[in-house]
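S.K.: Got a structure for you, questions after.
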Amino acid sequence: MKRLRLARNASLATTLLITALVGLSILLGYGFSPMLSRASEPDLKVFEQVWQTVNDSFYDPNLKGVDWRAIRRKYEPQVRQARSKPATAAVINQMLAELKTSHTYFYTSDQPAYYQILGIFRPRSSELQQQLKPFFPNDKLEYSGIGIFTRDIDGKTFVSGVWEGSPAAEAGLRLGDQILNAEGRPFEPIQSFAGKAGQKVKLLIQRSPDLNSQREIAVTPKLLDATTMFLDAQKASTQVIERAGKKLGYVHIWSYASDQYQQQLEEDLFYGDLKDADALILDLREGWGGAPLSVLNIYTARGPSVTNIPRDRKRYTNRTQWNKPVVMLVNEGSRSAKEVLAYSFQQYKIGPVVGSKTAGAVVAGRPFLMSDGSVLYVAVADVYVDDDQRLEGVGVTPDVEVPLPLAYAQGADPQKERAIQVALETLQRPR
């Protein structure tokens, strides 16, 4: 067996030290790609590549005490019996689950997270860019999608997040909606929107446990760029909420896995729509992590402001620190670097954390491209915070816990509402 050549650039793993592994669906439509036109036959070669890559690259050389050779003998017959790529992927992921570690998963082109991984890592790795050319000859990561996250609960698919400004938001899809089918066929996160950008797609949804709440929603997918779509959603989410005579800035950072997200936040805070807000609500629920710890500097650093007074005698003051109250929102979809940020908010008393307990998925992951274009995501480094605090498998419990029953939530967001109340309460305290 020819071993998969491992990437040379070690900085890739450290730069995205704690990129979030999503354990939920990210609904992105998918346009035509050569990968989808290939036969979905069992691929023993890919299984062998996955096994060997984990053997060579997993952060623990002892593989957490798992007999990795015995695991191979256990799952190889199941791969041989698989009759489709999804079936093969399911067996491979059962094998990887034996390691009981986040950031360790096998993605194929019919899984939305596959494209999320590539959208995060490709811009940072020239080697990965070269490896992907046979599979994306137009050099674009564009897909036909509507911009939602979904989560499976008891075999049912529910909307767990609606990106602001997305086709789903425009069509009126809500948090907690159950998706029953698309155009009368079983809902598929990729194929239900493949090749349908600009065309209406009818989704049958259910808003409550009552069957009479079923309705059709027509949504028009659009081409989404995997490297910029979360930035677009962040921009669309940014708003000022006026309550009790106060202005509360709000921004939802769906992904933190690139400098562009923090740059946009700082631009909005210091020069844009949020500069006159009295407090900030930082929503880190769902999506991806990957943030460097330097993103906290704007809340903790000290420094001068600079005021310019031009000929018209108007005063223009520039600041590079956010010295006003800030409240963080998290949930079980907040993973990896977002969990480190939540931990830091608590430990260094930056601001209160509101929501539900985070995922406990905090190790360093990086992708490896397999021979058929599939992606193996592997935990390549263990992660400790403040020298000895390990959050993997532990997570962060918010200061103010607010449950959000997802199924049939009908768009209600008690976590966000509580964060607004906490922000107002914080403003009333002496600083």
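Ligands are numbered from 1 in the order shown, residues from 1 within each chain, and chains are lettered A, B, ... in the order they appear in the structure tokens.
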Which neighbours of Ile153 (chain A) fall inside 12 Å, counting only C-alpha atoms, when residues of the same chain fewer than 4 positions from it are skipped, and could you give them as a PyMOL selection string?
M.R.: chain A and resi 24-25+157-160+176-179+405-408
S.K.: Put those residues in a file: N, CA and C atoms, as a compact mmCIF listing (two decimals), in the first residue's frame.
M.R.:
# COMPACT_ATOMS: atom_id res chain seq x y z
N LEU A 24 -22.99 18.43 13.62
CA LEU A 24 -24.31 18.75 13.15
C LEU A 24 -24.19 19.08 11.68
N SER A 25 -25.29 19.12 10.96
CA SER A 25 -25.24 19.36 9.52
C SER A 25 -25.19 20.84 9.24
N THR A 157 -34.95 15.77 11.21
CA THR A 157 -34.02 16.86 10.90
C THR A 157 -34.64 18.20 11.25
N PHE A 158 -33.95 18.93 12.15
CA PHE A 158 -34.44 20.24 12.60
C PHE A 158 -33.43 21.33 12.24
N VAL A 159 -33.94 22.51 11.96
CA VAL A 159 -33.09 23.67 11.69
C VAL A 159 -32.52 24.16 13.01
N SER A 160 -31.17 24.17 13.12
CA SER A 160 -30.53 24.62 14.36
C SER A 160 -29.88 25.99 14.21
N GLY A 176 -35.75 25.61 14.73
CA GLY A 176 -36.64 24.59 15.25
C GLY A 176 -37.59 23.98 14.24
N ASP A 177 -37.62 24.51 13.02
CA ASP A 177 -38.45 23.90 11.98
C ASP A 177 -37.95 22.49 11.67
N GLN A 178 -38.87 21.54 11.54
CA GLN A 178 -38.50 20.21 11.08
C GLN A 178 -38.62 20.17 9.56
N ILE A 179 -37.58 19.72 8.88
CA ILE A 179 -37.62 19.60 7.43
C ILE A 179 -38.06 18.17 7.08
N PRO A 405 -34.74 24.28 23.96
CA PRO A 405 -35.26 23.07 23.32
C PRO A 405 -35.43 23.33 21.82
N LEU A 406 -34.64 22.64 21.00
CA LEU A 406 -34.60 22.97 19.58
C LEU A 406 -35.85 22.53 18.83
N ALA A 407 -36.30 21.30 19.07
CA ALA A 407 -37.41 20.77 18.28
C ALA A 407 -38.65 21.65 18.40
N TYR A 408 -39.12 22.14 17.25
CA TYR A 408 -40.32 22.96 17.15
C TYR A 408 -40.23 24.23 17.99
S.K.: Could you give me, as a list in words, the residues within 6 Å of region 98-110 of chain A, counting only C-alpha atoms and dropping anything in the same chain fewer than 5 positions from it?
M.R.: Leu21, Ile190, Ala361, Gly365, Ser374, Val375, Leu376, Tyr377, Val378 and Ala379 of chain A
S.K.: I want to know what sits within 12 Å of Pro403 (chain A), based on only C-alpha atoms, with residues of the same chain fewer than 6 positions away left out; could you give that as a compact mmCIF listing (two decimals) with N, CA, C and O atoms, in the first residue's frame?
M.R.:
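part_19.txt, written as the output of this step:
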# COMPACT_ATOMS: atom_id res chain seq x y z
N VAL A 330 -23.07 31.15 23.98
CA VAL A 330 -22.55 29.87 23.52
C VAL A 330 -23.63 28.81 23.64
O VAL A 330 -24.63 28.99 24.35
N ASN A 331 -23.42 27.67 22.95
CA ASN A 331 -24.29 26.50 23.12
C ASN A 331 -23.50 25.25 22.79
O ASN A 331 -22.28 25.30 22.61
N GLU A 332 -24.18 24.12 22.68
CA GLU A 332 -23.51 22.87 22.40
C GLU A 332 -22.89 22.82 21.01
O GLU A 332 -22.10 21.93 20.70
N VAL A 354 -23.37 33.33 28.53
CA VAL A 354 -24.78 32.95 28.61
C VAL A 354 -25.05 31.84 27.59
O VAL A 354 -24.46 31.81 26.52
N GLY A 355 -25.96 30.93 27.95
CA GLY A 355 -26.38 29.90 26.99
C GLY A 355 -26.35 28.52 27.60
O GLY A 355 -26.72 28.32 28.75
N SER A 356 -25.89 27.54 26.82
CA SER A 356 -25.81 26.15 27.27
C SER A 356 -24.38 25.65 27.13
O SER A 356 -23.56 26.26 26.43
N LYS A 357 -24.09 24.55 27.79
CA LYS A 357 -22.72 24.03 27.87
C LYS A 357 -22.15 23.75 26.49
O LYS A 357 -22.83 23.22 25.61
N THR A 397 -19.22 25.45 31.03
CA THR A 397 -20.58 25.70 31.51
C THR A 397 -20.78 27.21 31.65
O THR A 397 -19.99 27.87 32.33
N ALA A 409 -39.06 24.84 18.00
CA ALA A 409 -38.86 26.08 18.77
C ALA A 409 -39.63 27.25 18.18
O ALA A 409 -39.81 28.28 18.85
N ALA A 412 -38.23 30.88 18.41
CA ALA A 412 -37.95 31.50 19.70
C ALA A 412 -36.49 31.28 20.07
O ALA A 412 -35.94 30.21 19.86
N ASP A 413 -35.87 32.32 20.64
CA ASP A 413 -34.45 32.24 21.02
C ASP A 413 -34.29 32.79 22.44
O ASP A 413 -33.84 33.92 22.65
N PRO A 414 -34.65 31.98 23.45
CA PRO A 414 -34.54 32.45 24.84
C PRO A 414 -33.10 32.75 25.26
O PRO A 414 -32.88 33.57 26.16
N GLN A 415 -32.13 32.11 24.64
CA GLN A 415 -30.73 32.38 24.99
C GLN A 415 -30.34 33.80 24.60
O GLN A 415 -29.72 34.53 25.37
N LYS A 416 -30.72 34.21 23.41
CA LYS A 416 -30.41 35.58 22.97
C LYS A 416 -31.15 36.60 23.82
O LYS A 416 -30.58 37.64 24.21
N GLU A 417 -32.40 36.32 24.14
CA GLU A 417 -33.18 37.24 24.97
C GLU A 417 -32.55 37.39 26.36
O GLU A 417 -32.50 38.49 26.91
N ARG A 418 -32.08 36.28 26.91
CA ARG A 418 -31.44 36.35 28.23
C ARG A 418 -30.13 37.12 28.15
O ARG A 418 -29.78 37.87 29.07
S.K.: So that I can see what lies close to region 236-252 of chain A, please list as a list in words the residues with an atom at most 9 Å from it, counting only C-alpha atoms and leaving out residues fewer than 5 positions away in the same chain.
M.R.: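 Once the adjacent positions are removed, what remains is Trp163, Glu164, Gly165, Ser166, Leu231, Leu265, Asp268, Leu269, Asp273, Leu274, Lys275, Asp276, Ala277, Asp278, Ala279, Leu280, Ile281, Leu282, Asp283, Leu284, Arg285, Ile420, Ala423, Leu424 and Leu427 of chain A.
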S.K.: Name the residues of region 177-387 of chain A that fall into strand (DSSP E or B) according to DSSP on the backbone, using the chain letters and numbers of this document, as a PyMOL selection string.
M.R.: chain A and resi 178-182+185+201-206+214-219+222-225+239-243+246-252+255+279-283+288+306-308+316-318+326-330+353-355+364-369+375-381+385
S.K.: Please produce a file of those selected residues containing C-alpha atoms, as a PDB file, in the first residue's frame.
M.R.:
ATOM      1  CA  GLN A 178     -38.496  20.211  11.084  1.00  0.00           C
ATOM      2  CA  ILE A 179     -37.621  19.601   7.425  1.00  0.00           C
ATOM      3  CA  LEU A 180     -39.767  16.748   6.094  1.00  0.00           C
ATOM      4  CA  ASN A 181     -38.813  16.707   2.416  1.00  0.00           C
ATOM      5  CA  ALA A 182     -37.603  18.758  -0.539  1.00  0.00           C
ATOM      6  CA  ARG A 185     -38.241  13.662  -2.022  1.00  0.00           C
ATOM      7  CA  VAL A 201     -37.199  24.699  -4.225  1.00  0.00           C
ATOM      8  CA  LYS A 202     -40.210  23.679  -2.143  1.00  0.00           C
ATOM      9  CA  LEU A 203     -39.474  22.433   1.347  1.00  0.00           C
ATOM     10  CA  LEU A 204     -42.156  20.719   3.390  1.00  0.00           C
ATOM     11  CA  ILE A 205     -41.648  21.706   7.016  1.00  0.00           C
ATOM     12  CA  GLN A 206     -43.424  21.185  10.323  1.00  0.00           C
ATOM     13  CA  GLN A 214     -47.013  21.370   8.223  1.00  0.00           C
ATOM     14  CA  ARG A 215     -46.537  23.834   5.385  1.00  0.00           C
ATOM     15  CA  GLU A 216     -44.567  24.358   2.203  1.00  0.00           C
ATOM     16  CA  ILE A 217     -41.892  27.022   2.043  1.00  0.00           C
ATOM     17  CA  ALA A 218     -40.405  28.056  -1.292  1.00  0.00           C
ATOM     18  CA  VAL A 219     -36.727  28.931  -0.970  1.00  0.00           C
ATOM     19  CA  LYS A 222     -27.881  30.745  -4.463  1.00  0.00           C
ATOM     20  CA  LEU A 223     -24.221  30.071  -5.146  1.00  0.00           C
ATOM     21  CA  LEU A 224     -22.249  30.330  -1.927  1.00  0.00           C
ATOM     22  CA  ASP A 225     -18.496  30.826  -1.726  1.00  0.00           C
ATOM     23  CA  GLN A 239     -27.227  45.135  14.454  1.00  0.00           C
ATOM     24  CA  VAL A 240     -28.000  47.547  17.269  1.00  0.00           C
ATOM     25  CA  ILE A 241     -30.812  46.444  19.573  1.00  0.00           C
ATOM     26  CA  GLU A 242     -32.439  49.277  21.506  1.00  0.00           C
ATOM     27  CA  ARG A 243     -33.818  48.276  24.903  1.00  0.00           C
ATOM     28  CA  LYS A 246     -29.678  51.522  25.811  1.00  0.00           C
ATOM     29  CA  LYS A 247     -28.037  50.528  22.552  1.00  0.00           C
ATOM     30  CA  LEU A 248     -26.835  46.926  22.515  1.00  0.00           C
ATOM     31  CA  GLY A 249     -24.561  45.823  19.711  1.00  0.00           C
ATOM     32  CA  TYR A 250     -25.047  42.269  18.464  1.00  0.00           C
ATOM     33  CA  VAL A 251     -22.972  40.158  16.095  1.00  0.00           C
ATOM     34  CA  HIS A 252     -23.104  36.444  15.290  1.00  0.00           C
ATOM     35  CA  SER A 255     -16.877  30.932  11.975  1.00  0.00           C
ATOM     36  CA  ALA A 279     -22.605  47.054  25.259  1.00  0.00           C
ATOM     37  CA  LEU A 280     -21.825  44.133  22.962  1.00  0.00           C
ATOM     38  CA  ILE A 281     -23.442  40.697  22.649  1.00  0.00           C
ATOM     39  CA  LEU A 282     -20.970  38.323  20.992  1.00  0.00           C
ATOM     40  CA  ASP A 283     -22.834  35.272  19.661  1.00  0.00           C
ATOM     41  CA  TRP A 288     -16.581  26.708  13.466  1.00  0.00           C
ATOM     42  CA  VAL A 306      -6.634  59.399  19.656  1.00  0.00           C
ATOM     43  CA  THR A 307      -8.902  62.340  18.858  1.00  0.00           C
ATOM     44  CA  ASN A 308      -8.517  64.317  15.620  1.00  0.00           C
ATOM     45  CA  TYR A 316     -13.159  62.213  15.627  1.00  0.00           C
ATOM     46  CA  THR A 317     -11.980  59.776  18.302  1.00  0.00           C
ATOM     47  CA  ASN A 318     -10.329  56.468  17.431  1.00  0.00           C
ATOM     48  CA  VAL A 326     -19.519  42.449  26.545  1.00  0.00           C
ATOM     49  CA  VAL A 327     -21.659  39.315  26.915  1.00  0.00           C
ATOM     50  CA  MET A 328     -20.835  36.028  25.174  1.00  0.00           C
ATOM     51  CA  LEU A 329     -23.444  33.579  23.856  1.00  0.00           C
ATOM     52  CA  VAL A 330     -22.545  29.865  23.520  1.00  0.00           C
ATOM     53  CA  VAL A 353     -21.149  33.826  29.365  1.00  0.00           C
ATOM     54  CA  VAL A 354     -24.783  32.949  28.608  1.00  0.00           C
ATOM     55  CA  GLY A 355     -26.381  29.902  26.995  1.00  0.00           C
ATOM     56  CA  ALA A 364      -6.021  20.576  17.117  1.00  0.00           C
ATOM     57  CA  GLY A 365      -7.266  19.194  13.815  1.00  0.00           C
ATOM     58  CA  ARG A 366      -6.077  19.268  10.200  1.00  0.00           C
ATOM     59  CA  PRO A 367      -7.368  17.712   6.990  1.00  0.00           C
ATOM     60  CA  PHE A 368      -5.755  15.073   4.789  1.00  0.00           C
ATOM     61  CA  LEU A 369      -6.969  14.619   1.228  1.00  0.00           C
ATOM     62  CA  VAL A 375     -11.229  14.383   3.398  1.00  0.00           C
ATOM     63  CA  LEU A 376      -9.962  12.828   6.604  1.00  0.00           C
ATOM     64  CA  TYR A 377      -9.914  15.256   9.516  1.00  0.00           C
ATOM     65  CA  VAL A 378      -7.484  14.146  12.216  1.00  0.00           C
ATOM     66  CA  ALA A 379      -6.691  15.380  15.720  1.00  0.00           C
ATOM     67  CA  VAL A 380      -2.968  16.071  15.358  1.00  0.00           C
ATOM     68  CA  ALA A 381      -2.272  17.768  18.718  1.00  0.00           C
ATOM     69  CA  VAL A 385      -5.371  25.989  28.281  1.00  0.00           C
TER      70      VAL A 385
END
S.K.: Restricting the calculation to only C-alpha atoms: of A:Lys196, A:Val402, A:Asp210, A:Thr227, which residue gets closest to Phe121 (chain A)?
M.R.: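 Among the listed residues, the smallest separation from Phe121 (chain A) belongs to A:Thr227.
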S.K.: Given only C-alpha atoms as the basis, pick out the residue of A:Gln264, A:Ser371, A:Asn212, A:Gln111 nearest to Glu48 (chain A).
M.R.: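 The shortest atom-to-atom distance to Glu48 (chain A) comes from A:Ser371.
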S.K.: Give the helix (DSSP H, G or I) residues of region 200-428 of chain A, as assigned by DSSP on the backbone, as a PyMOL selection string.
M.R.: chain A and resi 211-213+229-237+259-270+293-300+337-347+414-428
S.K.: Need to verify the contact set: Ile71 (chain A), 10 Å, only C-alpha atoms, exclusion of same-chain residues closer than 2 positions in sequence. Can you return it as a VMD selection string?
M.R.: chain A and resid 51 66 to 69 73 to 76 95 to 96 98
S.K.: May I have the residues from that selection written out with N, CA, C and O atoms, as a PDB file, in the first residue's frame?
M.R.:
ATOM      1  N   TRP A  51      -6.828   4.554   7.610  1.00  0.00           N
ATOM      2  CA  TRP A  51      -6.224   3.820   8.726  1.00  0.00           C
ATOM      3  C   TRP A  51      -4.760   4.224   8.898  1.00  0.00           C
ATOM      4  O   TRP A  51      -4.309   4.504  10.014  1.00  0.00           O
ATOM      5  N   VAL A  66      -5.929   2.223  22.188  1.00  0.00           N
ATOM      6  CA  VAL A  66      -6.709   1.403  21.261  1.00  0.00           C
ATOM      7  C   VAL A  66      -5.765   0.540  20.427  1.00  0.00           C
ATOM      8  O   VAL A  66      -4.750   1.033  19.928  1.00  0.00           O
ATOM      9  N   ASP A  67      -6.078  -0.738  20.281  1.00  0.00           N
ATOM     10  CA  ASP A  67      -5.310  -1.635  19.416  1.00  0.00           C
ATOM     11  C   ASP A  67      -5.711  -1.342  17.971  1.00  0.00           C
ATOM     12  O   ASP A  67      -6.685  -1.895  17.451  1.00  0.00           O
ATOM     13  N   TRP A  68      -4.953  -0.451  17.337  1.00  0.00           N
ATOM     14  CA  TRP A  68      -5.349   0.062  16.028  1.00  0.00           C
ATOM     15  C   TRP A  68      -5.302  -1.018  14.946  1.00  0.00           C
ATOM     16  O   TRP A  68      -6.094  -1.005  14.017  1.00  0.00           O
ATOM     17  N   ARG A  69      -4.395  -1.962  15.068  1.00  0.00           N
ATOM     18  CA  ARG A  69      -4.339  -3.064  14.095  1.00  0.00           C
ATOM     19  C   ARG A  69      -5.554  -3.973  14.241  1.00  0.00           C
ATOM     20  O   ARG A  69      -6.123  -4.432  13.242  1.00  0.00           O
ATOM     21  N   ARG A  73      -8.651  -4.891  11.485  1.00  0.00           N
ATOM     22  CA  ARG A  73      -9.177  -6.228  11.190  1.00  0.00           C
ATOM     23  C   ARG A  73     -10.680  -6.299  11.441  1.00  0.00           C
ATOM     24  O   ARG A  73     -11.404  -7.025  10.750  1.00  0.00           O
ATOM     25  N   LYS A  74     -11.152  -5.516  12.397  1.00  0.00           N
ATOM     26  CA  LYS A  74     -12.573  -5.511  12.727  1.00  0.00           C
ATOM     27  C   LYS A  74     -13.414  -4.874  11.627  1.00  0.00           C
ATOM     28  O   LYS A  74     -14.499  -5.372  11.282  1.00  0.00           O
ATOM     29  N   TYR A  75     -12.924  -3.747  11.066  1.00  0.00           N
ATOM     30  CA  TYR A  75     -13.755  -2.969  10.149  1.00  0.00           C
ATOM     31  C   TYR A  75     -13.491  -3.243   8.675  1.00  0.00           C
ATOM     32  O   TYR A  75     -14.339  -2.934   7.834  1.00  0.00           O
ATOM     33  N   GLU A  76     -12.362  -3.803   8.332  1.00  0.00           N
ATOM     34  CA  GLU A  76     -12.091  -4.048   6.914  1.00  0.00           C
ATOM     35  C   GLU A  76     -13.135  -4.951   6.263  1.00  0.00           C
ATOM     36  O   GLU A  76     -13.587  -4.646   5.135  1.00  0.00           O
ATOM     37  N   MET A  95     -15.181   3.287  12.725  1.00  0.00           N
ATOM     38  CA  MET A  95     -13.813   2.959  13.118  1.00  0.00           C
ATOM     39  C   MET A  95     -13.163   4.142  13.830  1.00  0.00           C
ATOM     40  O   MET A  95     -12.549   3.978  14.904  1.00  0.00           O
ATOM     41  N   LEU A  96     -13.302   5.337  13.289  1.00  0.00           N
ATOM     42  CA  LEU A  96     -12.685   6.519  13.895  1.00  0.00           C
ATOM     43  C   LEU A  96     -13.294   6.823  15.264  1.00  0.00           C
ATOM     44  O   LEU A  96     -12.609   7.337  16.156  1.00  0.00           O
ATOM     45  N   GLU A  98     -13.906   4.860  17.517  1.00  0.00           N
ATOM     46  CA  GLU A  98     -13.245   4.044  18.546  1.00  0.00           C
ATOM     47  C   GLU A  98     -12.212   4.859  19.314  1.00  0.00           C
ATOM     48  O   GLU A  98     -11.865   4.536  20.453  1.00  0.00           O
TER      49      GLU A  98
END
S.K.: Tell me which protein, DNA and RNA residues are within 7 Å of Gly395 (chain A), counting only C-alpha atoms, leaving out same-chain ones fewer than 6 positions away, and put them as a ChimeraX atom specification.
M.R.: /A:339,357-360
S.K.: Do a neighbour search on Ile298 (chain A) at 12 Å with only C-alpha atoms, toss out local chain neighbours closer than 4 positions, and write the hits as a PDB file with N, CA, C and O atoms, in the first residue's frame.
M.R.:
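Saved result, selection_32.pdb, follows:
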ATOM      1  N   GLN A 262     -12.450  38.532  12.634  1.00  0.00           N
ATOM      2  CA  GLN A 262     -12.075  39.476  13.683  1.00  0.00           C
ATOM      3  C   GLN A 262     -11.870  40.874  13.108  1.00  0.00           C
ATOM      4  O   GLN A 262     -12.241  41.872  13.734  1.00  0.00           O
ATOM      5  N   GLN A 263     -11.295  40.964  11.928  1.00  0.00           N
ATOM      6  CA  GLN A 263     -11.107  42.260  11.289  1.00  0.00           C
ATOM      7  C   GLN A 263     -12.451  42.956  11.059  1.00  0.00           C
ATOM      8  O   GLN A 263     -12.584  44.160  11.290  1.00  0.00           O
ATOM      9  N   LEU A 265     -15.238  42.380  12.759  1.00  0.00           N
ATOM     10  CA  LEU A 265     -15.778  42.746  14.064  1.00  0.00           C
ATOM     11  C   LEU A 265     -15.167  44.052  14.559  1.00  0.00           C
ATOM     12  O   LEU A 265     -15.886  44.951  15.023  1.00  0.00           O
ATOM     13  N   GLU A 266     -13.855  44.165  14.482  1.00  0.00           N
ATOM     14  CA  GLU A 266     -13.193  45.377  14.972  1.00  0.00           C
ATOM     15  C   GLU A 266     -13.584  46.593  14.140  1.00  0.00           C
ATOM     16  O   GLU A 266     -13.747  47.697  14.677  1.00  0.00           O
ATOM     17  N   GLU A 267     -13.733  46.409  12.853  1.00  0.00           N
ATOM     18  CA  GLU A 267     -14.164  47.528  12.011  1.00  0.00           C
ATOM     19  C   GLU A 267     -15.550  48.015  12.431  1.00  0.00           C
ATOM     20  O   GLU A 267     -15.806  49.229  12.519  1.00  0.00           O
ATOM     21  N   LEU A 269     -16.942  47.590  15.423  1.00  0.00           N
ATOM     22  CA  LEU A 269     -16.912  48.104  16.785  1.00  0.00           C
ATOM     23  C   LEU A 269     -16.319  49.506  16.879  1.00  0.00           C
ATOM     24  O   LEU A 269     -16.799  50.354  17.633  1.00  0.00           O
ATOM     25  N   PHE A 270     -15.277  49.753  16.111  1.00  0.00           N
ATOM     26  CA  PHE A 270     -14.544  51.004  16.281  1.00  0.00           C
ATOM     27  C   PHE A 270     -14.863  52.061  15.225  1.00  0.00           C
ATOM     28  O   PHE A 270     -14.642  53.253  15.466  1.00  0.00           O
ATOM     29  N   LEU A 293      -5.934  33.362  20.125  1.00  0.00           N
ATOM     30  CA  LEU A 293      -6.243  34.015  21.396  1.00  0.00           C
ATOM     31  C   LEU A 293      -6.112  35.528  21.328  1.00  0.00           C
ATOM     32  O   LEU A 293      -6.640  36.247  22.181  1.00  0.00           O
ATOM     33  N   SER A 294      -5.424  36.041  20.328  1.00  0.00           N
ATOM     34  CA  SER A 294      -5.251  37.485  20.195  1.00  0.00           C
ATOM     35  C   SER A 294      -6.573  38.211  19.977  1.00  0.00           C
ATOM     36  O   SER A 294      -6.641  39.429  20.156  1.00  0.00           O
ATOM     37  N   ARG A 302      -4.976  47.652  27.337  1.00  0.00           N
ATOM     38  CA  ARG A 302      -5.131  49.061  27.692  1.00  0.00           C
ATOM     39  C   ARG A 302      -4.346  49.914  26.703  1.00  0.00           C
ATOM     40  O   ARG A 302      -3.296  49.507  26.218  1.00  0.00           O
ATOM     41  N   GLY A 303      -4.850  51.084  26.431  1.00  0.00           N
ATOM     42  CA  GLY A 303      -4.152  51.953  25.506  1.00  0.00           C
ATOM     43  C   GLY A 303      -4.886  53.265  25.349  1.00  0.00           C
ATOM     44  O   GLY A 303      -6.030  53.417  25.781  1.00  0.00           O
ATOM     45  N   ARG A 319     -10.424  54.493  18.806  1.00  0.00           N
ATOM     46  CA  ARG A 319     -10.032  53.599  19.891  1.00  0.00           C
ATOM     47  C   ARG A 319      -9.704  52.222  19.316  1.00  0.00           C
ATOM     48  O   ARG A 319     -10.208  51.851  18.263  1.00  0.00           O
ATOM     49  N   THR A 320      -8.887  51.499  20.028  1.00  0.00           N
ATOM     50  CA  THR A 320      -8.558  50.129  19.614  1.00  0.00           C
ATOM     51  C   THR A 320      -8.884  49.124  20.718  1.00  0.00           C
ATOM     52  O   THR A 320      -8.477  47.973  20.630  1.00  0.00           O
ATOM     53  N   GLN A 321      -9.597  49.571  21.744  1.00  0.00           N
ATOM     54  CA  GLN A 321     -10.035  48.672  22.806  1.00  0.00           C
ATOM     55  C   GLN A 321     -11.540  48.840  23.009  1.00  0.00           C
ATOM     56  O   GLN A 321     -12.080  49.939  22.845  1.00  0.00           O
ATOM     57  N   TRP A 322     -12.191  47.729  23.359  1.00  0.00           N
ATOM     58  CA  TRP A 322     -13.611  47.786  23.694  1.00  0.00           C
ATOM     59  C   TRP A 322     -13.704  47.770  25.220  1.00  0.00           C
ATOM     60  O   TRP A 322     -13.607  46.721  25.863  1.00  0.00           O
ATOM     61  N   ASN A 323     -13.875  48.935  25.825  1.00  0.00           N
ATOM     62  CA  ASN A 323     -13.900  49.059  27.272  1.00  0.00           C
ATOM     63  C   ASN A 323     -15.312  49.034  27.843  1.00  0.00           C
ATOM     64  O   ASN A 323     -15.511  49.267  29.036  1.00  0.00           O
ATOM     65  N   LYS A 324     -16.272  48.747  27.014  1.00  0.00           N
ATOM     66  CA  LYS A 324     -17.660  48.669  27.458  1.00  0.00           C
ATOM     67  C   LYS A 324     -18.015  47.203  27.757  1.00  0.00           C
ATOM     68  O   LYS A 324     -17.273  46.293  27.407  1.00  0.00           O
ATOM     69  N   PRO A 325     -19.152  46.952  28.389  1.00  0.00           N
ATOM     70  CA  PRO A 325     -19.529  45.578  28.717  1.00  0.00           C
ATOM     71  C   PRO A 325     -19.684  44.704  27.473  1.00  0.00           C
ATOM     72  O   PRO A 325     -20.099  45.174  26.403  1.00  0.00           O
ATOM     73  N   VAL A 326     -19.344  43.417  27.615  1.00  0.00           N
ATOM     74  CA  VAL A 326     -19.519  42.449  26.545  1.00  0.00           C
ATOM     75  C   VAL A 326     -20.059  41.160  27.150  1.00  0.00           C
ATOM     76  O   VAL A 326     -19.608  40.724  28.216  1.00  0.00           O
ATOM     77  N   ILE A 350     -13.723  38.828  31.719  1.00  0.00           N
ATOM     78  CA  ILE A 350     -13.950  39.744  30.603  1.00  0.00           C
ATOM     79  C   ILE A 350     -15.428  40.097  30.509  1.00  0.00           C
ATOM     80  O   ILE A 350     -15.799  41.240  30.255  1.00  0.00           O
TER      81      ILE A 350
END
